[in-house]
>>> print(open('final-v1.cif').read())   # mmCIF, C-alpha atoms
data_final
loop_
_atom_site.label_atom_id
_atom_site.label_comp_id
_atom_site.auth_asym_id
_atom_site.auth_seq_id
_atom_site.Cartn_x
_atom_site.Cartn_y
_atom_site.Cartn_z
CA MET F 3 15.84 -19.79 -17.96
CA ALA F 4 18.91 -21.93 -17.33
CA ASP F 5 19.74 -22.56 -20.97
CA ALA F 6 23.31 -23.81 -21.18
CA SER F 7 24.05 -22.26 -24.57
CA GLY F 8 25.01 -19.18 -22.58
CA ALA F 9 28.58 -18.65 -23.85
CA GLY F 10 28.73 -15.17 -25.29
CA GLN F 11 25.31 -14.24 -24.01
CA SER F 12 25.07 -11.72 -21.23
CA PRO F 13 23.55 -13.02 -18.00
CA LEU F 14 21.54 -9.82 -17.93
CA ALA F 15 20.03 -10.33 -21.39
CA GLN F 16 17.13 -12.18 -19.77
CA PHE F 17 15.91 -8.95 -18.19
CA GLU F 18 15.70 -7.04 -21.44
CA ILE F 19 12.32 -5.51 -22.20
CA LYS F 20 11.28 -6.21 -25.77
CA PRO F 21 8.26 -4.56 -27.29
CA LEU F 22 6.09 -7.19 -28.92
CA TYR F 23 3.47 -4.86 -30.31
CA LYS F 24 4.28 -1.19 -30.80
CA LEU F 25 1.76 1.25 -29.42
CA GLU F 26 1.90 4.95 -28.75
CA LEU F 27 -0.53 7.17 -26.93
CA GLY F 28 -0.10 10.91 -26.62
CA GLY F 29 3.65 10.71 -27.16
CA TYR F 30 4.08 7.98 -24.56
CA ASP F 31 5.40 4.60 -25.49
CA ILE F 32 2.83 2.11 -24.25
CA SER F 33 3.99 -0.84 -26.33
CA PHE F 34 2.84 -4.30 -25.36
CA THR F 35 6.12 -5.76 -24.08
CA ASN F 36 7.25 -9.19 -22.96
CA SER F 37 6.87 -7.90 -19.41
CA ALA F 38 3.25 -7.04 -20.04
CA LEU F 39 2.73 -10.38 -21.76
CA PHE F 40 3.91 -12.29 -18.70
CA MET F 41 1.80 -10.16 -16.39
CA LEU F 42 -1.16 -11.04 -18.57
CA ILE F 43 -0.19 -14.72 -18.44
CA ALA F 44 0.09 -14.53 -14.65
CA PHE F 45 -3.30 -12.86 -14.44
CA LEU F 46 -4.91 -15.47 -16.70
CA LEU F 47 -3.24 -18.35 -14.85
CA ILE F 48 -4.50 -17.13 -11.47
CA THR F 49 -7.99 -16.48 -12.78
CA PHE F 50 -8.31 -19.85 -14.49
CA PHE F 51 -6.69 -21.68 -11.60
CA LEU F 52 -9.16 -20.27 -9.11
CA LEU F 53 -12.20 -20.45 -11.38
CA LEU F 54 -11.61 -23.99 -12.59
CA SER F 55 -10.54 -25.42 -9.25
CA THR F 56 -13.60 -24.09 -7.47
CA ARG F 57 -16.02 -24.92 -10.27
CA ARG F 58 -17.12 -28.15 -8.66
CA ARG F 59 -17.27 -27.43 -4.98
CA GLU F 60 -17.22 -30.72 -3.13
CA THR F 61 -17.32 -31.47 0.56
CA VAL F 62 -14.39 -33.78 0.02
CA PRO F 63 -12.21 -31.58 -2.15
CA GLY F 64 -10.17 -32.85 -5.04
CA ARG F 65 -6.52 -31.94 -5.58
CA TRP F 66 -7.15 -28.66 -7.38
CA GLN F 67 -9.79 -27.56 -4.93
CA VAL F 68 -7.41 -28.29 -2.05
CA MET F 69 -4.78 -26.10 -3.69
CA ALA F 70 -7.20 -23.24 -4.12
CA GLU F 71 -8.45 -23.62 -0.56
CA LEU F 72 -4.90 -23.78 0.76
CA SER F 73 -3.95 -20.52 -0.89
CA TYR F 74 -7.14 -18.91 0.37
CA GLU F 75 -6.66 -20.24 3.88
CA PHE F 76 -3.00 -19.18 3.91
CA ILE F 77 -3.78 -15.52 3.31
CA ALA F 78 -6.94 -15.58 5.39
CA SER F 79 -5.06 -16.84 8.44
CA LEU F 80 -2.24 -14.39 7.79
CA ILE F 81 -4.74 -11.54 7.90
CA ARG F 82 -6.48 -13.00 10.96
CA ASP F 83 -3.16 -13.21 12.82
CA THR F 84 -1.79 -9.81 11.89
CA ILE F 85 -4.80 -7.51 11.52
CA GLY F 86 -7.65 -9.33 13.21
CA ALA F 87 -11.31 -9.41 12.27
CA GLU F 88 -11.29 -5.87 10.90
CA GLY F 89 -8.78 -6.90 8.28
CA ARG F 90 -11.22 -9.16 6.50
CA LYS F 91 -12.29 -6.49 4.04
CA TYR F 92 -8.70 -6.13 2.85
CA PHE F 93 -8.49 -9.82 1.99
CA PRO F 94 -9.16 -9.41 -1.75
CA PHE F 95 -6.34 -6.92 -2.11
CA VAL F 96 -3.74 -8.86 -0.11
CA PHE F 97 -4.72 -12.11 -1.81
CA THR F 98 -4.45 -10.54 -5.26
CA ALA F 99 -1.05 -9.02 -4.54
CA PHE F 100 0.22 -12.27 -3.05
CA MET F 101 -0.97 -14.44 -5.94
CA PHE F 102 0.27 -11.98 -8.55
CA ILE F 103 3.77 -11.86 -7.06
CA LEU F 104 3.89 -15.57 -6.36
CA VAL F 105 2.81 -16.55 -9.85
CA GLY F 106 5.11 -13.90 -11.33
CA ASN F 107 8.07 -15.29 -9.40
CA LEU F 108 7.26 -18.87 -10.28
CA LEU F 109 6.63 -18.01 -13.94
CA GLY F 110 10.12 -16.57 -13.98
CA MET F 111 11.45 -19.96 -12.93
CA THR F 112 10.17 -21.66 -16.07
CA PRO F 113 12.75 -21.79 -18.88
CA TYR F 114 12.69 -19.08 -21.56
CA SER F 115 10.25 -16.98 -19.61
CA PHE F 116 10.51 -13.45 -18.33
CA THR F 117 10.45 -12.46 -14.66
CA PHE F 118 8.46 -9.26 -14.38
CA THR F 119 9.11 -9.06 -10.62
CA SER F 120 12.81 -8.55 -11.40
CA HIS F 121 12.09 -5.01 -12.57
CA ILE F 122 12.15 -2.34 -9.90
CA ILE F 123 9.49 -0.30 -11.64
CA VAL F 124 7.01 -3.16 -11.36
CA THR F 125 7.72 -3.86 -7.70
CA PHE F 126 7.89 -0.17 -6.89
CA ALA F 127 4.51 0.41 -8.50
CA LEU F 128 3.04 -2.34 -6.31
CA ALA F 129 4.78 -1.08 -3.17
CA GLY F 130 3.91 2.54 -3.93
CA LEU F 131 0.28 1.59 -4.41
CA ILE F 132 0.28 -0.13 -1.02
CA PHE F 133 2.06 2.80 0.62
CA VAL F 134 -0.35 5.40 -0.75
CA GLY F 135 -3.35 3.21 -0.02
CA VAL F 136 -2.29 2.53 3.55
CA THR F 137 -1.61 6.22 4.17
CA ILE F 138 -5.06 7.12 2.82
CA ILE F 139 -6.69 4.47 5.03
CA ALA F 140 -4.85 5.84 8.06
CA ILE F 141 -5.78 9.46 7.35
CA ALA F 142 -9.38 8.56 6.55
CA LYS F 143 -9.71 6.61 9.77
CA HIS F 144 -7.77 8.82 12.16
CA GLY F 145 -7.71 12.23 10.50
CA LEU F 146 -4.95 14.50 11.71
CA HIS F 147 -4.25 12.17 14.57
CA PHE F 148 -2.35 10.16 11.95
CA PHE F 149 0.57 12.54 12.25
CA SER F 150 1.08 11.62 15.88
CA PHE F 151 2.39 8.39 14.36
CA PHE F 152 5.66 10.18 13.84
CA LEU F 153 6.15 11.08 17.48
CA PRO F 154 6.50 8.00 19.67
CA PRO F 155 4.50 8.32 22.88
CA GLY F 156 6.51 9.47 25.86
CA THR F 157 9.10 11.39 23.88
CA PRO F 158 10.63 14.37 25.68
CA TRP F 159 9.93 17.54 23.70
CA ILE F 160 13.63 18.29 23.35
CA MET F 161 14.09 15.10 21.40
CA ALA F 162 11.22 15.80 19.00
CA PRO F 163 13.23 17.70 16.34
CA LEU F 164 15.57 14.73 16.18
CA LEU F 165 13.02 11.94 16.35
CA VAL F 166 10.38 13.27 13.99
CA PRO F 167 12.67 13.30 10.91
CA ILE F 168 13.93 9.85 11.80
CA GLU F 169 10.39 8.53 12.13
CA VAL F 170 9.32 10.19 8.88
CA ILE F 171 12.28 8.68 7.04
CA SER F 172 11.54 5.33 8.60
CA TYR F 173 7.96 5.61 7.32
CA LEU F 174 9.04 6.76 3.87
CA SER F 175 11.52 3.91 3.62
CA ARG F 176 8.67 1.38 3.65
CA PRO F 177 7.86 1.36 -0.06
CA ILE F 178 11.57 1.43 -0.91
CA SER F 179 12.44 -1.54 1.25
CA LEU F 180 9.30 -3.39 0.13
CA SER F 181 10.10 -2.97 -3.55
CA VAL F 182 13.89 -3.25 -3.40
CA ARG F 183 13.69 -6.49 -1.43
CA LEU F 184 11.55 -8.27 -4.02
CA PHE F 185 13.33 -6.80 -7.02
CA ALA F 186 16.86 -7.42 -5.71
CA ASN F 187 16.13 -10.98 -4.73
CA MET F 188 14.69 -11.85 -8.12
CA LEU F 189 17.37 -9.99 -10.07
CA ALA F 190 20.27 -11.43 -8.08
CA GLY F 191 18.90 -14.95 -8.08
CA HIS F 192 18.25 -15.08 -11.81
CA THR F 193 21.58 -13.48 -12.67
CA LEU F 194 23.39 -15.96 -10.44
CA LEU F 195 21.60 -18.86 -12.07
CA LYS F 196 22.50 -17.60 -15.51
CA VAL F 197 26.16 -16.94 -14.65
CA ILE F 198 26.66 -20.39 -13.16
CA ALA F 199 24.72 -22.01 -15.99
CA GLY F 200 27.16 -20.30 -18.35
CA PHE F 201 30.01 -22.30 -16.81
CA VAL F 202 28.33 -25.61 -17.56
CA GLY F 203 29.09 -25.38 -21.26
CA LEU F 204 32.52 -23.76 -20.83
CA LEU F 205 34.04 -26.28 -18.44
CA GLY F 206 33.42 -29.39 -20.53
CA VAL F 207 33.41 -32.55 -18.40
CA ALA F 208 33.93 -30.60 -15.19
CA GLY F 209 30.70 -28.85 -16.08
CA VAL F 210 28.80 -31.34 -13.95
CA LEU F 211 29.86 -29.33 -10.91
CA PRO F 212 28.18 -26.07 -11.94
CA LEU F 213 25.30 -28.15 -13.26
CA ALA F 214 24.80 -29.64 -9.80
CA LEU F 215 25.05 -26.16 -8.31
CA VAL F 216 22.49 -24.78 -10.75
CA THR F 217 20.14 -27.61 -9.87
CA ALA F 218 20.49 -26.84 -6.17
CA LEU F 219 20.12 -23.10 -6.75
CA THR F 220 16.97 -23.66 -8.79
CA GLY F 221 15.45 -25.27 -5.72
CA LEU F 222 16.60 -22.37 -3.60
CA GLU F 223 15.15 -19.89 -6.09
CA ILE F 224 11.76 -21.57 -5.94
CA LEU F 225 11.91 -21.25 -2.15
CA ILE F 226 12.87 -17.57 -2.52
CA ALA F 227 10.03 -17.05 -5.00
CA PHE F 228 7.57 -18.26 -2.42
CA LEU F 229 9.27 -16.53 0.51
CA GLN F 230 9.31 -13.15 -1.20
CA ALA F 231 5.63 -13.34 -2.03
CA TYR F 232 4.98 -14.29 1.59
CA VAL F 233 7.10 -11.44 2.97
CA PHE F 234 5.37 -8.99 0.64
CA ALA F 235 1.95 -10.19 1.81
CA ILE F 236 2.81 -10.16 5.52
CA LEU F 237 4.29 -6.67 5.30
CA THR F 238 1.21 -5.44 3.47
CA CYS F 239 -0.89 -6.85 6.31
CA LEU F 240 1.30 -5.23 8.95
CA TYR F 241 1.15 -1.86 7.23
CA ILE F 242 -2.62 -2.08 7.02
CA ASN F 243 -2.65 -3.07 10.68
CA ASP F 244 -0.54 -0.03 11.53
CA ALA F 245 -2.91 2.18 9.59
CA LEU F 246 -5.99 0.79 11.33
CA HIS F 247 -4.60 0.87 14.85
CA LEU F 248 -2.28 3.77 15.42
CA HIS F 249 -0.62 3.73 18.78
CA MET H 17 25.68 -52.66 53.31
CA ILE H 18 23.98 -49.37 52.88
CA ASP H 19 23.57 -48.08 49.37
CA LYS H 20 24.53 -44.41 49.58
CA GLN H 21 22.85 -43.55 46.36
CA LEU H 22 19.31 -42.64 47.11
CA PRO H 23 16.73 -43.13 44.43
CA PRO H 24 16.27 -39.89 42.50
CA SER H 25 13.84 -37.57 44.17
CA LEU H 26 10.59 -36.58 42.53
CA ASP H 27 11.90 -33.07 41.94
CA GLU H 28 14.87 -34.41 40.05
CA LEU H 29 12.67 -36.65 37.96
CA ASP H 30 10.36 -33.74 37.27
CA SER H 31 13.19 -31.52 36.06
CA LYS H 32 14.52 -34.30 33.86
CA LEU H 33 11.10 -34.89 32.35
CA ASN H 34 10.70 -31.17 31.74
CA GLU H 35 14.05 -31.09 30.02
CA VAL H 36 13.08 -33.92 27.68
CA ALA H 37 9.72 -32.35 26.99
CA ALA H 38 11.33 -28.99 26.24
CA LYS H 39 13.79 -30.62 23.89
CA ARG H 40 11.02 -32.41 22.07
CA ASN H 41 8.97 -29.24 21.81
CA ASN H 42 11.96 -27.41 20.39
CA ARG H 43 12.51 -30.03 17.78
CA ARG H 44 8.91 -29.92 16.76
CA ALA H 45 8.86 -26.13 16.48
CA ARG H 46 11.99 -25.92 14.41
CA PRO H 47 10.78 -26.12 10.79
CA LYS H 48 8.25 -23.39 11.35
CA GLU H 49 10.76 -21.24 13.20
CA ARG H 50 13.23 -21.73 10.42
CA GLY H 51 10.74 -20.37 7.89
CA ALA H 52 9.96 -17.38 10.08
CA GLY H 53 13.66 -16.77 10.72
CA LEU H 54 14.46 -16.86 7.03
CA GLY H 55 11.71 -14.36 6.28
CA PHE H 56 13.04 -12.20 9.07
CA ALA H 57 16.62 -12.31 7.74
CA VAL H 58 15.47 -11.50 4.24
CA LYS H 59 13.62 -8.49 5.53
CA ILE H 60 16.22 -6.91 7.76
CA GLY H 61 19.13 -6.38 5.35
CA VAL H 62 17.15 -4.23 2.99
CA ASP H 63 15.66 -2.11 5.77
CA ILE H 64 18.90 -0.28 6.60
CA VAL H 65 19.69 0.38 2.96
CA ALA H 66 16.19 1.61 2.16
CA ALA H 67 16.20 4.09 5.02
CA ILE H 68 19.61 5.43 3.98
CA ILE H 69 18.40 5.78 0.38
CA VAL H 70 15.41 7.80 1.56
CA GLY H 71 17.57 9.91 3.86
CA VAL H 72 20.04 10.73 1.10
CA GLY H 73 17.21 11.41 -1.36
CA VAL H 74 15.45 13.79 1.03
CA GLY H 75 18.76 15.50 1.80
CA LEU H 76 19.60 16.02 -1.86
CA LEU H 77 16.13 17.33 -2.67
CA LEU H 78 16.14 19.81 0.21
CA ASP H 79 19.68 20.89 -0.70
CA ASN H 80 18.67 21.61 -4.27
CA TRP H 81 15.59 23.46 -3.11
CA LEU H 82 17.19 25.57 -0.37
CA GLY H 83 20.63 25.90 -1.95
CA THR H 84 22.49 24.69 1.10
CA LYS H 85 24.63 22.26 -0.83
CA PRO H 86 26.30 19.62 1.17
CA TRP H 87 24.90 20.30 4.65
CA LEU H 88 21.40 18.92 4.57
CA LEU H 89 22.65 15.88 2.67
CA ILE H 90 25.03 15.14 5.53
CA VAL H 91 22.39 15.72 8.19
CA PHE H 92 19.79 13.59 6.42
CA PHE H 93 22.28 10.85 5.71
CA VAL H 94 22.76 10.54 9.46
CA PHE H 95 18.98 10.65 9.98
CA GLY H 96 18.58 7.95 7.35
CA ALA H 97 21.16 5.74 9.00
CA ALA H 98 19.43 6.27 12.33
CA ALA H 99 16.08 5.40 10.78
CA GLY H 100 17.61 2.23 9.34
CA MET H 101 18.90 1.24 12.74
CA LEU H 102 15.50 2.05 14.19
CA ASN H 103 13.83 -0.23 11.64
CA VAL H 104 16.15 -3.08 12.57
CA PHE H 105 15.88 -2.41 16.29
CA ARG H 106 12.11 -2.55 16.05
CA ALA H 107 12.22 -5.75 14.08
CA VAL H 108 14.51 -7.55 16.51
CA SER H 109 13.13 -6.21 19.77
CA GLY H 110 9.82 -7.96 19.37
CA TYR H 111 7.81 -5.18 17.83
CA GLY H 112 7.44 -7.57 14.94
CA TYR H 113 7.80 -6.64 11.34
CA ALA H 114 5.92 -3.41 11.66
CA ALA H 115 7.37 0.02 11.46
CA GLY H 116 5.96 2.49 13.93
CA TYR H 117 5.81 2.01 17.64
CA GLN H 118 3.62 -0.74 18.87
CA HIS H 119 2.94 -1.79 22.40
CA LYS H 120 3.37 -5.41 23.15
CA VAL H 121 -0.07 -5.46 24.70
CA ARG H 122 -1.59 -4.93 21.31
CA GLU H 123 0.22 -7.87 19.80
CA GLU H 124 -1.42 -10.17 22.29
CA GLY H 125 -4.84 -8.75 21.66
CA THR H 126 -4.83 -8.49 17.90
CA ASP H 127 -8.29 -9.98 17.73
CA ASN H 128 -9.86 -6.71 18.72
CA GLY H 129 -7.23 -4.10 18.25
CA GLU H 130 -9.77 -1.39 19.04
CA ARG H 131 -9.46 -2.13 22.70
CA ASN H 132 -5.87 -1.00 22.98
CA ARG H 133 -5.99 2.12 20.98
#
>>> encode(input="final-v1.cif", output="structure tokens")
Amino acid sequence: MADASGAGQSPLAQFEIKPLYKLELGGYDISFTNSALFMLIAFLLITFFLLLSTRRRETVPGRWQVMAELSYEFIASLIRDTIGAEGRKYFPFVFTAFMFILVGNLLGMTPYSFTFTSHIIVTFALAGLIFVGVTIIAIAKHGLHFFSFFLPPGTPWIMAPLLVPIEVISYLSRPISLSVRLFANMLAGHTLLKVIAGFVGLLGVAGVLPLALVTALTGLEILIAFLQAYVFAILTCLYINDALHLH
Amino acid sequence: MIDKQLPPSLDELDSKLNEVAAKRNNRRARPKERGAGLGFAVKIGVDIVAAIIVGVGVGLLLDNWLGTKPWLLIVFFVFGAAAGMLNVFRAVSGYGYAAGYQHKVREEGTDNGERNR
């Protein structure tokens, strides 16, 4: 994505959604876009990575098998630490979300690709799904007792009209903060890379300076790509934990 | 000639050894802590903003619905800011990442959370 030809090209052009195959259903535009293409690529990459690397299961694992086992173990221990044994049945979901976001972020780091996690609608759909799912789990498990979640134990009754709205807003802010965090990090990082990469061509010989900076920032972005997927996964686990064990 | 400097007592030695051990432990723990700290920092900034966004959104919606133009917006903006502070307070005061009140007891016994419900 750091193509240095950038003079005259907007640093935001990389986020443009382009329909690749026009489709319409019932008046809705459901074209197959570059965003959808990269989601499909991410999905295929994950599937093939896991299928192929675990095809030959050896006691002494090879490199690919180690990678697959590492990613499995990473999420499994995350769930063990945050939710406990009960959380095991949510492993497939957390693992899928983590891998999808991680591969999406890393795909965005390859040149000429598209970062679908830099669109708020994508991250908000993921976060909204988690939010609704977690709320349903909590209500299914605790029934109406779920609503006591919004009144911290030991609150004086006089404070309730003040605290309940604050708690409700705090709860409702979960999907927003979950989605905005991922989206803003990816958007800001990729824009920054593009802006600084634009200086490389413009500054001539002094362009080595922004080039060095872009190189360093690329490393940082890869760290962020991983970190954001991790934060998303750990927050999903904590929300599920909250839903399973209300106070 | 009497040497006034006594050999260091066992207590002194013990405290020195503890100091060195603590230092070494700190150094060892650092990379992991750094990762956790970075994740923590990344999380917190957005939390305030998100709560304020929700507060303002709820305020505007209720205003439109009840026709009480600016008042509920103002009230819910303050609620939103409070909720944002609450999010951050929870995160830094050892309740962990989670929203919602948690007792510290539960964090120790996550293996069977049922116990503490």
>>> atom_distance(input="final-v1.cif", atom1="CA of Tyr92 (chain F)", atom2="CA of Leu128 (chain F)")
15.4 Å
>>> atom_distance(input="final-v1.cif", atom1="CA of Val216 (chain F)", atom2="CA of Ser12 (chain F)")
16.9 Å
>>> residues_around(input="final-v1.cif", residues="region 98-102 of chain H", least_positions_apart="2", cutoff="8 Å", atoms="all atoms listed in the file", output="ChimeraX atom specification")
/F:168-169,171-172 /H:63-68,94-96,104-106
>>> write_last_selection(input="final-v1.cif", atoms="C-alpha atoms", output="PDB file, in the frame of the given file")
ATOM      1  CA  ILE F 168      13.930   9.850  11.800  1.00  0.00           C
ATOM      2  CA  GLU F 169      10.390   8.530  12.130  1.00  0.00           C
ATOM      3  CA  ILE F 171      12.280   8.680   7.040  1.00  0.00           C
ATOM      4  CA  SER F 172      11.540   5.330   8.600  1.00  0.00           C
TER       5      SER F 172
ATOM      6  CA  ASP H  63      15.660  -2.110   5.770  1.00  0.00           C
ATOM      7  CA  ILE H  64      18.900  -0.280   6.600  1.00  0.00           C
ATOM      8  CA  VAL H  65      19.690   0.380   2.960  1.00  0.00           C
ATOM      9  CA  ALA H  66      16.190   1.610   2.160  1.00  0.00           C
ATOM     10  CA  ALA H  67      16.200   4.090   5.020  1.00  0.00           C
ATOM     11  CA  ILE H  68      19.610   5.430   3.980  1.00  0.00           C
ATOM     12  CA  VAL H  94      22.760  10.540   9.460  1.00  0.00           C
ATOM     13  CA  PHE H  95      18.980  10.650   9.980  1.00  0.00           C
ATOM     14  CA  GLY H  96      18.580   7.950   7.350  1.00  0.00           C
ATOM     15  CA  VAL H 104      16.150  -3.080  12.570  1.00  0.00           C
ATOM     16  CA  PHE H 105      15.880  -2.410  16.290  1.00  0.00           C
ATOM     17  CA  ARG H 106      12.110  -2.550  16.050  1.00  0.00           C
TER      18      ARG H 106
END
>>> closest_residue(input="final-v1.cif", among="F:Ser37, F:Ser73, F:Thr49, F:Thr98", to="Phe116 (chain F)", atoms="all atoms listed in the file")
F:Ser37
>>> closest_residue(input="final-v1.cif", among="H:Leu29, H:Ala38, H:Ala97, H:Leu77", to="chain F", atoms="all atoms listed in the file")
H:Ala97
>>> atom_distance(input="final-v1.cif", atom1="CA of Glu71 (chain F)", atom2="CA of Gly89 (chain F)")
18.9 Å
>>> resolve_selection(input="final-v1.cif", expression="the PyMOL selection byres ((chain F) within 6 of (chain H))", output="mmCIF file with C-alpha atoms, keeping the file's coordinate frame")
data_model
loop_
_atom_site.group_PDB
_atom_site.id
_atom_site.type_symbol
_atom_site.label_atom_id
_atom_site.label_comp_id
_atom_site.auth_asym_id
_atom_site.auth_seq_id
_atom_site.Cartn_x
_atom_site.Cartn_y
_atom_site.Cartn_z
ATOM 1 C CA GLY F 86 -7.650 -9.330 13.210
ATOM 2 C CA ILE F 168 13.930 9.850 11.800
ATOM 3 C CA SER F 172 11.540 5.330 8.600
ATOM 4 C CA SER F 175 11.520 3.910 3.620
ATOM 5 C CA ILE F 178 11.570 1.430 -0.910
ATOM 6 C CA SER F 179 12.440 -1.540 1.250
ATOM 7 C CA LEU F 240 1.300 -5.230 8.950
#
>>> resolve_selection(input="final-v1.cif", expression="the PyMOL selection byres ((chain F and resi 39) around 12)", output="number ranges by chain")
F: 19-23, 33-38, 40-46, 106, 109, 115-118
>>> write_last_selection(input="final-v1.cif", atoms="C-alpha atoms", output="short mmCIF file (atom, residue, chain, number, x, y, z; two decimals), in the coordinates of the input")
data_model
loop_
_atom_site.label_atom_id
_atom_site.label_comp_id
_atom_site.auth_asym_id
_atom_site.auth_seq_id
_atom_site.Cartn_x
_atom_site.Cartn_y
_atom_site.Cartn_z
CA ILE F 19 12.32 -5.51 -22.20
CA LYS F 20 11.28 -6.21 -25.77
CA PRO F 21 8.26 -4.56 -27.29
CA LEU F 22 6.09 -7.19 -28.92
CA TYR F 23 3.47 -4.86 -30.31
CA SER F 33 3.99 -0.84 -26.33
CA PHE F 34 2.84 -4.30 -25.36
CA THR F 35 6.12 -5.76 -24.08
CA ASN F 36 7.25 -9.19 -22.96
CA SER F 37 6.87 -7.90 -19.41
CA ALA F 38 3.25 -7.04 -20.04
CA PHE F 40 3.91 -12.29 -18.70
CA MET F 41 1.80 -10.16 -16.39
CA LEU F 42 -1.16 -11.04 -18.57
CA ILE F 43 -0.19 -14.72 -18.44
CA ALA F 44 0.09 -14.53 -14.65
CA PHE F 45 -3.30 -12.86 -14.44
CA LEU F 46 -4.91 -15.47 -16.70
CA GLY F 106 5.11 -13.90 -11.33
CA LEU F 109 6.63 -18.01 -13.94
CA SER F 115 10.25 -16.98 -19.61
CA PHE F 116 10.51 -13.45 -18.33
CA THR F 117 10.45 -12.46 -14.66
CA PHE F 118 8.46 -9.26 -14.38
#
>>> resolve_selection(input="final-v1.cif", expression="the PyMOL selection byres ((chain F and resi 184) around 9)", output="list of chain:residue names")
F:Thr119, F:Ser120, F:Ile122, F:Thr125, F:Ser179, F:Leu180, F:Ser181, F:Val182, F:Arg183, F:Phe185, F:Ala186, F:Asn187, F:Met188, F:Leu189, F:Ala227, F:Gln230, F:Ala231, F:Val233, F:Phe234
>>> write_last_selection(input="final-v1.cif", atoms="C-alpha atoms", output="tab-separated table (two decimals), in the frame of the given file")
chain	number	residue	atom	x	y	z
F	119	THR	CA	9.11	-9.06	-10.62
F	120	SER	CA	12.81	-8.55	-11.40
F	122	ILE	CA	12.15	-2.34	-9.90
F	125	THR	CA	7.72	-3.86	-7.70
F	179	SER	CA	12.44	-1.54	1.25
F	180	LEU	CA	9.30	-3.39	0.13
F	181	SER	CA	10.10	-2.97	-3.55
F	182	VAL	CA	13.89	-3.25	-3.40
F	183	ARG	CA	13.69	-6.49	-1.43
F	185	PHE	CA	13.33	-6.80	-7.02
F	186	ALA	CA	16.86	-7.42	-5.71
F	187	ASN	CA	16.13	-10.98	-4.73
F	188	MET	CA	14.69	-11.85	-8.12
F	189	LEU	CA	17.37	-9.99	-10.07
F	227	ALA	CA	10.03	-17.05	-5.00
F	230	GLN	CA	9.31	-13.15	-1.20
F	231	ALA	CA	5.63	-13.34	-2.03
F	233	VAL	CA	7.10	-11.44	2.97
F	234	PHE	CA	5.37	-8.99	0.64
>>> closest_residue(input="final-v1.cif", among="F:Tyr241, F:Tyr232, F:Phe148, F:Phe201", to="Ile77 (chain F)", atoms="only C-alpha atoms")
F:Tyr232
